[in-house]
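Chemist: Dropping in my_file.cif, which is mmCIF, C-alpha atoms; chains and numbers go by the auth columns:
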```
data_coords
loop_
_atom_site.group_PDB
_atom_site.id
_atom_site.type_symbol
_atom_site.label_atom_id
_atom_site.label_comp_id
_atom_site.label_asym_id
_atom_site.label_seq_id
_atom_site.Cartn_x
_atom_site.Cartn_y
_atom_site.Cartn_z
_atom_site.B_iso_or_equiv
_atom_site.auth_seq_id
_atom_site.auth_asym_id
ATOM 1 C CA MET A 1 118.165 -114.108 -87.259 0.00 1 Q
ATOM 2 C CA LYS A 2 116.432 -110.878 -88.202 0.00 2 Q
ATOM 3 C CA PRO A 3 117.749 -107.726 -86.457 0.00 3 Q
ATOM 4 C CA LEU A 4 115.135 -105.522 -84.818 0.00 4 Q
ATOM 5 C CA LEU A 5 116.303 -101.912 -84.556 0.00 5 Q
ATOM 6 C CA LEU A 6 115.540 -100.504 -81.099 0.00 6 Q
ATOM 7 C CA LEU A 7 117.678 -97.419 -80.630 0.00 7 Q
ATOM 8 C CA VAL A 8 119.892 -95.168 -82.731 0.00 8 Q
ATOM 9 C CA LEU A 9 121.819 -92.231 -81.280 0.00 9 Q
ATOM 10 C CA PRO A 10 124.629 -90.194 -82.833 0.00 10 Q
ATOM 11 C CA TRP A 11 127.193 -91.773 -80.552 0.00 11 Q
ATOM 12 C CA VAL A 12 125.876 -95.251 -79.873 0.00 12 Q
ATOM 13 C CA PHE A 13 123.943 -98.033 -81.612 0.00 13 Q
ATOM 14 C CA PHE A 14 122.146 -100.959 -80.028 0.00 14 Q
ATOM 15 C CA SER A 15 120.110 -103.660 -81.686 0.00 15 Q
ATOM 16 C CA ALA A 16 118.153 -106.664 -80.487 0.00 16 Q
ATOM 17 C CA TYR A 17 117.758 -110.025 -82.146 0.00 17 Q
ATOM 18 C CA ALA A 18 114.664 -112.193 -82.040 0.00 18 Q
ATOM 19 C CA VAL A 19 116.137 -115.584 -81.168 0.00 19 Q
ATOM 20 C CA GLU A 20 112.946 -117.559 -80.731 0.00 20 Q
ATOM 21 C CA SER A 21 109.267 -116.764 -80.839 0.00 21 Q
ATOM 22 C CA THR A 22 106.157 -118.841 -80.163 0.00 22 Q
ATOM 23 C CA SER A 23 102.551 -117.932 -79.461 0.00 23 Q
ATOM 24 C CA ASN A 24 103.412 -117.679 -75.767 0.00 24 Q
ATOM 25 C CA GLU A 25 107.114 -116.809 -75.667 0.00 25 Q
ATOM 26 C CA SER A 26 109.487 -114.242 -77.113 0.00 26 Q
ATOM 27 C CA VAL A 27 113.283 -114.146 -76.738 0.00 27 Q
ATOM 28 C CA ARG A 28 115.528 -111.187 -77.500 0.00 28 Q
ATOM 29 C CA GLU A 29 119.260 -110.697 -77.176 0.00 29 Q
ATOM 30 C CA PHE A 30 121.434 -107.614 -76.684 0.00 30 Q
ATOM 31 C CA ASP A 31 125.172 -106.978 -76.577 0.00 31 Q
ATOM 32 C CA SER A 32 126.039 -106.979 -72.867 0.00 32 Q
ATOM 33 C CA LYS A 33 129.230 -104.922 -73.183 0.00 33 Q
ATOM 34 C CA GLY A 34 129.033 -101.814 -71.000 0.00 34 Q
ATOM 35 C CA LEU A 35 125.740 -102.832 -69.396 0.00 35 Q
ATOM 36 C CA LEU A 36 125.579 -101.546 -65.803 0.00 36 Q
ATOM 37 C CA GLU A 37 121.890 -101.356 -64.870 0.00 37 Q
ATOM 38 C CA VAL A 38 118.749 -103.423 -65.440 0.00 38 Q
ATOM 39 C CA SER A 39 115.314 -101.893 -64.870 0.00 39 Q
ATOM 40 C CA VAL A 40 112.166 -104.065 -64.975 0.00 40 Q
ATOM 41 C CA ALA A 41 108.592 -102.917 -64.281 0.00 41 Q
ATOM 42 C CA ASN A 42 105.891 -105.586 -64.409 0.00 42 Q
ATOM 43 C CA THR A 43 102.245 -105.563 -63.353 0.00 43 Q
ATOM 44 C CA SER A 44 101.733 -109.238 -62.506 0.00 44 Q
ATOM 45 C CA GLY A 45 103.643 -112.475 -62.955 0.00 45 Q
ATOM 46 C CA LYS A 46 107.284 -113.224 -62.273 0.00 46 Q
ATOM 47 C CA ILE A 47 110.594 -111.442 -62.762 0.00 47 Q
ATOM 48 C CA THR A 48 113.701 -113.625 -62.808 0.00 48 Q
ATOM 49 C CA VAL A 49 117.196 -112.141 -63.149 0.00 49 Q
ATOM 50 C CA THR A 50 120.142 -114.524 -63.516 0.00 50 Q
ATOM 51 C CA ALA A 51 123.839 -113.805 -63.945 0.00 51 Q
ATOM 52 C CA THR A 52 125.470 -115.125 -67.116 0.00 52 Q
ATOM 53 C CA GLU A 53 128.998 -115.111 -68.526 0.00 53 Q
ATOM 54 C CA SER A 54 127.698 -114.841 -72.081 0.00 54 Q
ATOM 55 C CA ALA A 55 128.545 -111.803 -74.219 0.00 55 Q
ATOM 56 C CA LYS A 56 124.829 -111.462 -74.902 0.00 56 Q
ATOM 57 C CA ALA A 57 122.141 -110.303 -72.506 0.00 57 Q
ATOM 58 C CA GLN A 58 118.891 -112.185 -73.019 0.00 58 Q
ATOM 59 C CA VAL A 59 115.278 -111.255 -72.245 0.00 59 Q
ATOM 60 C CA THR A 60 112.517 -113.875 -72.419 0.00 60 Q
ATOM 61 C CA THR A 61 108.853 -112.935 -72.001 0.00 61 Q
ATOM 62 C CA SER A 62 106.093 -115.522 -71.672 0.00 62 Q
ATOM 63 C CA ASN A 63 102.719 -116.401 -70.155 0.00 63 Q
ATOM 64 C CA ASN A 64 100.956 -113.243 -71.312 0.00 64 Q
ATOM 65 C CA LYS A 65 97.310 -113.769 -70.307 0.00 65 Q
ATOM 66 C CA TYR A 66 96.035 -110.354 -71.442 0.00 66 Q
ATOM 67 C CA PRO A 67 97.542 -109.701 -74.892 0.00 67 Q
ATOM 68 C CA ASP A 68 94.810 -107.216 -75.854 0.00 68 Q
ATOM 69 C CA LYS A 69 95.368 -105.100 -72.747 0.00 69 Q
ATOM 70 C CA CYS A 70 99.132 -104.926 -72.470 0.00 70 Q
ATOM 71 C CA SER A 71 102.283 -104.065 -74.323 0.00 71 Q
ATOM 72 C CA ILE A 72 105.901 -104.838 -73.497 0.00 72 Q
ATOM 73 C CA SER A 73 108.815 -102.527 -74.307 0.00 73 Q
ATOM 74 C CA ILE A 74 112.379 -103.841 -74.204 0.00 74 Q
ATOM 75 C CA ASP A 75 115.153 -101.336 -74.926 0.00 75 Q
ATOM 76 C CA ARG A 76 118.789 -100.807 -74.222 0.00 76 Q
ATOM 77 C CA HIS A 77 119.797 -97.180 -73.836 0.00 77 Q
ATOM 78 C CA GLY A 78 123.474 -96.652 -73.080 0.00 78 Q
ATOM 79 C CA GLU A 79 124.378 -98.479 -69.867 0.00 79 Q
ATOM 80 C CA GLN A 80 120.749 -99.436 -69.045 0.00 80 Q
ATOM 81 C CA LEU A 81 118.537 -102.307 -70.177 0.00 81 Q
ATOM 82 C CA SER A 82 114.906 -101.335 -69.601 0.00 82 Q
ATOM 83 C CA ILE A 83 111.890 -103.684 -69.674 0.00 83 Q
ATOM 84 C CA LYS A 84 108.396 -102.371 -69.017 0.00 84 Q
ATOM 85 C CA VAL A 85 104.906 -103.836 -69.155 0.00 85 Q
ATOM 86 C CA ASP A 86 102.191 -101.267 -69.907 0.00 86 Q
ATOM 87 C CA LYS A 87 98.430 -101.676 -69.797 0.00 87 Q
ATOM 88 C CA LYS A 88 95.394 -99.662 -70.887 0.00 88 Q
ATOM 89 C CA THR A 89 94.347 -98.582 -67.405 0.00 89 Q
ATOM 90 C CA SER A 90 95.204 -95.605 -65.246 0.00 90 Q
ATOM 91 C CA SER A 91 96.560 -97.471 -62.204 0.00 91 Q
ATOM 92 C CA PHE A 92 99.743 -99.553 -62.158 0.00 92 Q
ATOM 93 C CA PHE A 93 98.431 -101.765 -59.321 0.00 93 Q
ATOM 94 C CA SER A 94 94.899 -102.436 -60.630 0.00 94 Q
ATOM 95 C CA VAL A 95 92.931 -105.683 -60.714 0.00 95 Q
ATOM 96 C CA GLN A 96 93.098 -106.082 -64.504 0.00 96 Q
ATOM 97 C CA ASP A 97 96.833 -106.673 -64.678 0.00 97 Q
ATOM 98 C CA CYS A 98 98.681 -108.065 -67.627 0.00 98 Q
ATOM 99 C CA GLU A 99 100.270 -111.267 -66.368 0.00 99 Q
ATOM 100 C CA VAL A 100 103.713 -111.731 -67.898 0.00 100 Q
ATOM 101 C CA ASP A 101 106.729 -113.768 -66.833 0.00 101 Q
ATOM 102 C CA ILE A 102 110.014 -112.000 -67.572 0.00 102 Q
ATOM 103 C CA ALA A 103 113.363 -113.830 -67.439 0.00 103 Q
ATOM 104 C CA VAL A 104 116.549 -111.789 -67.832 0.00 104 Q
ATOM 105 C CA LYS A 105 120.119 -113.060 -68.189 0.00 105 Q
ATOM 106 C CA VAL A 106 122.804 -110.398 -67.762 0.00 106 Q
ATOM 107 C CA PRO A 107 126.407 -110.030 -66.536 0.00 107 Q
ATOM 108 C CA LYS A 108 126.696 -110.341 -62.779 0.00 108 Q
ATOM 109 C CA ALA A 109 128.075 -106.823 -62.182 0.00 109 Q
ATOM 110 C CA VAL A 110 124.856 -104.853 -62.704 0.00 110 Q
ATOM 111 C CA ASP A 111 122.550 -102.807 -60.498 0.00 111 Q
ATOM 112 C CA LEU A 112 118.894 -103.883 -60.380 0.00 112 Q
ATOM 113 C CA ASP A 113 115.777 -101.731 -60.198 0.00 113 Q
ATOM 114 C CA LEU A 114 112.749 -104.063 -60.107 0.00 114 Q
ATOM 115 C CA ALA A 115 109.049 -103.320 -59.615 0.00 115 Q
ATOM 116 C CA ILE A 116 106.049 -105.637 -59.706 0.00 116 Q
ATOM 117 C CA GLY A 117 102.424 -105.195 -58.686 0.00 117 Q
ATOM 118 C CA SER A 118 101.869 -108.822 -57.688 0.00 118 Q
ATOM 119 C CA GLY A 119 103.968 -111.931 -58.175 0.00 119 Q
ATOM 120 C CA LYS A 120 107.535 -113.057 -57.543 0.00 120 Q
ATOM 121 C CA LEU A 121 111.049 -111.665 -57.838 0.00 121 Q
ATOM 122 C CA ILE A 122 113.827 -114.244 -58.216 0.00 122 Q
ATOM 123 C CA ILE A 123 117.501 -113.216 -58.443 0.00 123 Q
ATOM 124 C CA HIS A 124 120.563 -115.447 -58.854 0.00 124 Q
ATOM 125 C CA GLY A 125 124.242 -114.484 -58.827 0.00 125 Q
ATOM 126 C CA ILE A 126 123.964 -110.716 -59.312 0.00 126 Q
ATOM 127 C CA GLU A 127 126.604 -108.467 -57.713 0.00 127 Q
ATOM 128 C CA GLY A 128 125.461 -104.865 -57.438 0.00 128 Q
ATOM 129 C CA GLU A 129 122.851 -102.653 -55.822 0.00 129 Q
ATOM 130 C CA LEU A 130 119.342 -104.079 -55.388 0.00 130 Q
ATOM 131 C CA ASP A 131 116.272 -101.824 -55.479 0.00 131 Q
ATOM 132 C CA PHE A 132 112.825 -103.425 -55.517 0.00 132 Q
ATOM 133 C CA LYS A 133 109.145 -102.621 -55.027 0.00 133 Q
ATOM 134 C CA ILE A 134 106.433 -105.277 -54.619 0.00 134 Q
ATOM 135 C CA GLY A 135 102.735 -104.698 -54.083 0.00 135 Q
ATOM 136 C CA SER A 136 102.101 -108.279 -52.980 0.00 136 Q
ATOM 137 C CA GLY A 137 104.324 -111.294 -53.485 0.00 137 Q
ATOM 138 C CA SER A 138 107.715 -112.645 -52.567 0.00 138 Q
ATOM 139 C CA ILE A 139 111.378 -112.046 -53.315 0.00 139 Q
ATOM 140 C CA VAL A 140 114.107 -114.682 -53.210 0.00 140 Q
ATOM 141 C CA ALA A 141 117.598 -113.399 -54.005 0.00 141 Q
ATOM 142 C CA ASP A 142 121.149 -114.662 -53.746 0.00 142 Q
ATOM 143 C CA GLY A 143 124.266 -112.848 -54.891 0.00 143 Q
ATOM 144 C CA LEU A 144 126.453 -110.093 -53.463 0.00 144 Q
ATOM 145 C CA PHE A 145 124.475 -106.910 -52.905 0.00 145 Q
ATOM 146 C CA ARG A 146 126.466 -103.904 -51.744 0.00 146 Q
ATOM 147 C CA GLU A 147 123.266 -102.009 -50.919 0.00 147 Q
ATOM 148 C CA ILE A 148 119.515 -102.717 -50.821 0.00 148 Q
ATOM 149 C CA ASP A 149 116.454 -100.492 -50.982 0.00 149 Q
ATOM 150 C CA GLY A 150 113.251 -102.502 -50.828 0.00 150 Q
ATOM 151 C CA LYS A 151 109.537 -101.878 -50.271 0.00 151 Q
ATOM 152 C CA SER A 152 106.881 -104.602 -50.055 0.00 152 Q
ATOM 153 C CA GLY A 153 103.184 -104.465 -49.210 0.00 153 Q
ATOM 154 C CA SER A 154 102.945 -108.132 -48.283 0.00 154 Q
ATOM 155 C CA GLY A 155 104.853 -111.339 -48.876 0.00 155 Q
ATOM 156 C CA ARG A 156 108.022 -113.110 -47.847 0.00 156 Q
ATOM 157 C CA ILE A 157 111.472 -111.582 -48.322 0.00 157 Q
ATOM 158 C CA ASP A 158 114.545 -113.846 -48.416 0.00 158 Q
ATOM 159 C CA ILE A 159 117.843 -112.235 -49.450 0.00 159 Q
ATOM 160 C CA LYS A 160 121.237 -113.920 -49.150 0.00 160 Q
ATOM 161 C CA GLY A 161 124.497 -112.142 -49.889 0.00 161 Q
ATOM 162 C CA LEU A 162 124.276 -108.672 -48.378 0.00 162 Q
ATOM 163 C CA ALA A 163 127.567 -106.803 -48.222 0.00 163 Q
ATOM 164 C CA GLY A 164 126.395 -103.389 -47.010 0.00 164 Q
ATOM 165 C CA GLY A 165 123.469 -101.457 -45.645 0.00 165 Q
ATOM 166 C CA GLY A 166 120.285 -99.941 -46.964 0.00 166 Q
ATOM 167 C CA GLU A 167 116.603 -99.714 -46.154 0.00 167 Q
ATOM 168 C CA LEU A 168 113.796 -102.251 -46.141 0.00 168 Q
ATOM 169 C CA LYS A 169 110.092 -101.593 -45.467 0.00 169 Q
ATOM 170 C CA THR A 170 107.302 -104.157 -45.516 0.00 170 Q
ATOM 171 C CA GLY A 171 103.664 -104.225 -44.437 0.00 171 Q
ATOM 172 C CA SER A 172 103.452 -107.917 -43.615 0.00 172 Q
ATOM 173 C CA GLY A 173 105.390 -111.114 -44.184 0.00 173 Q
ATOM 174 C CA GLY A 174 108.499 -112.832 -42.895 0.00 174 Q
ATOM 175 C CA ILE A 175 111.962 -111.418 -43.572 0.00 175 Q
ATOM 176 C CA ASP A 176 115.272 -113.313 -43.713 0.00 176 Q
ATOM 177 C CA LEU A 177 118.461 -111.399 -44.586 0.00 177 Q
ATOM 178 C CA THR A 178 121.918 -112.984 -44.636 0.00 178 Q
ATOM 179 C CA PHE A 179 125.156 -111.021 -44.845 0.00 179 Q
ATOM 180 C CA ALA A 180 127.873 -112.530 -47.022 0.00 180 Q
ATOM 181 C CA LYS A 181 130.640 -110.829 -45.021 0.00 181 Q
ATOM 182 C CA LYS A 182 131.102 -108.541 -42.051 0.00 182 Q
ATOM 183 C CA PRO A 183 129.818 -105.062 -42.855 0.00 183 Q
ATOM 184 C CA LEU A 184 132.305 -102.482 -41.649 0.00 184 Q
ATOM 185 C CA VAL A 185 130.676 -99.099 -42.261 0.00 185 Q
ATOM 186 C CA GLY A 186 127.088 -98.039 -42.890 0.00 186 Q
ATOM 187 C CA ALA A 187 123.577 -98.742 -41.651 0.00 187 Q
ATOM 188 C CA LEU A 188 120.624 -101.044 -42.229 0.00 188 Q
ATOM 189 C CA ASP A 189 117.127 -99.758 -41.435 0.00 189 Q
ATOM 190 C CA LEU A 190 114.373 -102.380 -41.334 0.00 190 Q
ATOM 191 C CA LYS A 191 110.681 -101.645 -40.667 0.00 191 Q
ATOM 192 C CA THR A 192 107.871 -104.208 -40.709 0.00 192 Q
ATOM 193 C CA GLY A 193 104.221 -103.957 -39.752 0.00 193 Q
ATOM 194 C CA SER A 194 103.742 -107.632 -38.944 0.00 194 Q
ATOM 195 C CA GLY A 195 105.887 -110.722 -39.340 0.00 195 Q
ATOM 196 C CA SER A 196 109.195 -111.874 -37.926 0.00 196 Q
ATOM 197 C CA ALA A 197 112.545 -110.560 -39.141 0.00 197 Q
ATOM 198 C CA ASN A 198 115.817 -112.479 -38.941 0.00 198 Q
ATOM 199 C CA LEU A 199 119.251 -111.061 -39.745 0.00 199 Q
ATOM 200 C CA MET A 200 122.241 -113.398 -40.123 0.00 200 Q
ATOM 201 C CA PHE A 201 125.801 -112.074 -39.702 0.00 201 Q
ATOM 202 C CA PRO A 202 129.206 -113.789 -39.705 0.00 202 Q
ATOM 203 C CA LYS A 203 130.602 -114.493 -36.240 0.00 203 Q
ATOM 204 C CA GLY A 204 132.575 -111.610 -34.820 0.00 204 Q
ATOM 205 C CA THR A 205 130.584 -108.889 -36.580 0.00 205 Q
ATOM 206 C CA LYS A 206 130.413 -105.696 -34.501 0.00 206 Q
ATOM 207 C CA LEU A 207 127.117 -103.823 -34.457 0.00 207 Q
ATOM 208 C CA LYS A 208 125.343 -101.041 -32.676 0.00 208 Q
ATOM 209 C CA THR A 209 121.620 -101.726 -32.659 0.00 209 Q
ATOM 210 C CA ASN A 210 118.234 -100.173 -32.085 0.00 210 Q
ATOM 211 C CA PHE A 211 115.186 -102.426 -31.562 0.00 211 Q
ATOM 212 C CA GLN A 212 111.571 -101.312 -31.355 0.00 212 Q
ATOM 213 C CA ALA A 213 108.958 -104.076 -31.165 0.00 213 Q
ATOM 214 C CA GLY A 214 105.287 -103.795 -30.312 0.00 214 Q
ATOM 215 C CA SER A 215 105.061 -107.501 -29.508 0.00 215 Q
ATOM 216 C CA GLY A 216 107.273 -110.529 -29.974 0.00 216 Q
ATOM 217 C CA GLN A 217 110.761 -111.495 -28.850 0.00 217 Q
ATOM 218 C CA VAL A 218 113.906 -109.462 -29.435 0.00 218 Q
ATOM 219 C CA THR A 219 117.201 -111.388 -29.702 0.00 219 Q
ATOM 220 C CA ASN A 220 120.749 -110.228 -30.481 0.00 220 Q
ATOM 221 C CA SER A 221 123.292 -113.062 -30.527 0.00 221 Q
ATOM 222 C CA LEU A 222 126.136 -110.676 -31.389 0.00 222 Q
ATOM 223 C CA GLY A 223 125.607 -108.352 -28.473 0.00 223 Q
ATOM 224 C CA GLU A 224 126.048 -104.594 -28.516 0.00 224 Q
ATOM 225 C CA THR A 225 129.163 -102.683 -29.606 0.00 225 Q
ATOM 226 C CA PRO A 226 128.451 -98.960 -29.059 0.00 226 Q
ATOM 227 C CA GLU A 227 131.552 -97.840 -30.976 0.00 227 Q
ATOM 228 C CA ALA A 228 130.801 -100.033 -34.036 0.00 228 Q
ATOM 229 C CA SER A 229 130.736 -98.304 -37.425 0.00 229 Q
ATOM 230 C CA PHE A 230 127.784 -100.368 -38.706 0.00 230 Q
ATOM 231 C CA ALA A 231 124.342 -99.734 -37.245 0.00 231 Q
ATOM 232 C CA VAL A 232 121.183 -101.851 -37.420 0.00 232 Q
ATOM 233 C CA SER A 233 117.721 -100.460 -36.722 0.00 233 Q
ATOM 234 C CA MET A 234 114.814 -102.936 -36.542 0.00 234 Q
ATOM 235 C CA LYS A 235 111.209 -101.877 -35.920 0.00 235 Q
ATOM 236 C CA ALA A 236 108.120 -104.097 -35.913 0.00 236 Q
ATOM 237 C CA GLY A 237 104.475 -103.732 -34.954 0.00 237 Q
ATOM 238 C CA SER A 238 104.222 -107.445 -34.227 0.00 238 Q
ATOM 239 C CA GLY A 239 106.550 -110.385 -34.685 0.00 239 Q
ATOM 240 C CA ASP A 240 110.013 -111.416 -33.485 0.00 240 Q
ATOM 241 C CA LEU A 241 113.183 -109.439 -34.238 0.00 241 Q
ATOM 242 C CA LYS A 242 116.343 -111.528 -34.223 0.00 242 Q
ATOM 243 C CA ILE A 243 120.028 -111.072 -35.012 0.00 243 Q
ATOM 244 C CA LYS A 244 121.833 -114.402 -35.365 0.00 244 Q
ATOM 245 C CA THR A 245 125.324 -115.588 -36.317 0.00 245 Q
ATOM 246 C CA TYR A 246 126.746 -118.311 -38.545 0.00 246 Q
#
```
Hey, can you dump this file as structure tokens for me?
Modeler:
Amino acid sequence: MKPLLLLVLPWVFFSAYAVESTSNESVREFDSKGLLEVSVANTSGKITVTATESAKAQVTTSNNKYPDKCSISIDRHGEQLSIKVDKKTSSFFSVQDCEVDIAVKVPKAVDLDLAIGSGKLIIHGIEGELDFKIGSGSIVADGLFREIDGKSGSGRIDIKGLAGGGELKTGSGGIDLTFAKKPLVGALDLKTGSGSANLMFPKGTKLKTNFQAGSGQVTNSLGETPEASFAVSMKAGSGDLKIKTY
């Protein structure tokens, strides 16, 4: 394997190794020790982040349909692994996107900051904070997320494994959020223009709630606990708002 030097600082050294390369795929590995955050910005395609117990973090890029218009930077700087797709246009969310699939394998205890113009976000087994931005497309995530901050123009959102609060805004599309355990303190603020939103909590969870719905049904299977330390705010222009138990 031939080492590719990515970053040299007076106090730290990181290198990446090209593990495999074809005309349509590139694989690089990094030492995962001390890695606490993963940042990925993609224009179009798919971002997949999977937890691994390996001592090496791995980044695979493939399916690049616009090689003459895009470049991909992959760097580790201190505690952060950063992956970014750039293109020769002025707007991040333009029609002439570079379409790239990015698959990342990292230790489970990392925070995620993911952005994509159009496509899919897929997350398995990560335990940390989850920040995401999607122009159009879907997100499917399972893990243990102590906090979420998400924005989506359109597309379905399905997240399993919430452990705390956060904020979620979407223009259109269905939303399903499942809490892994009873949240004790904090708040979740959910706003959607159109589409139904379902929140799943363990039985016995105590909540104080605020619903605002232009049209559609509002259901709260847990009931209201005014003195609860965890608050849920759900607002929708159209569509059902439901809190359920399991």
Chemist: When distances are computed from all atoms listed in the file, which of Q:Lys69, Q:Lys56, Q:Lys133, Q:Lys151 shows the smallest separation from Lys105 (chain Q)?
Modeler: Q:Lys56
Chemist: So, with all atoms listed in the file as the atoms that count, which of Q:Thr48, Q:Gly174, Q:Lys206, Q:Gly237 lies closest to Ala141 (chain Q)?
Modeler: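 Among Q:Thr48, Q:Gly174, Q:Lys206, Q:Gly237, it is Q:Thr48 that comes nearest to Ala141 (chain Q).
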Chemist: Applying 9 Å and all atoms listed in the file, which residues near Val40 (chain Q) remain after dropping the ones on its own chain fewer than 5 positions away? List them as an NGL selection string.
Modeler: :Q and (47 or 81-85 or 102 or 112-116)
Chemist: Keeping only C-alpha atoms, write the selected residues as an mmCIF file, keeping the file's coordinate frame.
Modeler:
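What landed in again01.cif:
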```cif
data_model
loop_
_atom_site.group_PDB
_atom_site.id
_atom_site.type_symbol
_atom_site.label_atom_id
_atom_site.label_comp_id
_atom_site.auth_asym_id
_atom_site.auth_seq_id
_atom_site.Cartn_x
_atom_site.Cartn_y
_atom_site.Cartn_z
ATOM 1 C CA ILE Q 47 110.594 -111.442 -62.762
ATOM 2 C CA LEU Q 81 118.537 -102.307 -70.177
ATOM 3 C CA SER Q 82 114.906 -101.335 -69.601
ATOM 4 C CA ILE Q 83 111.890 -103.684 -69.674
ATOM 5 C CA LYS Q 84 108.396 -102.371 -69.017
ATOM 6 C CA VAL Q 85 104.906 -103.836 -69.155
ATOM 7 C CA ILE Q 102 110.014 -112.000 -67.572
ATOM 8 C CA LEU Q 112 118.894 -103.883 -60.380
ATOM 9 C CA ASP Q 113 115.777 -101.731 -60.198
ATOM 10 C CA LEU Q 114 112.749 -104.063 -60.107
ATOM 11 C CA ALA Q 115 109.049 -103.320 -59.615
ATOM 12 C CA ILE Q 116 106.049 -105.637 -59.706
#
```
Chemist: Can you work out which one of Q:Ala228, Q:Leu207, Q:Ala55, Q:Met234 has the shortest atom-to-atom distance to Glu167 (chain Q), counting only C-alpha atoms?
Modeler: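 Looking at the shortest contact to Glu167 (chain Q), the residue is Q:Met234.
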Chemist: Counting only C-alpha atoms, which of Q:Ser118, Q:Asn24, Q:Thr219, Q:Gln80 gets nearest to Thr60 (chain Q)?
Modeler: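 Closest candidate: Q:Asn24.
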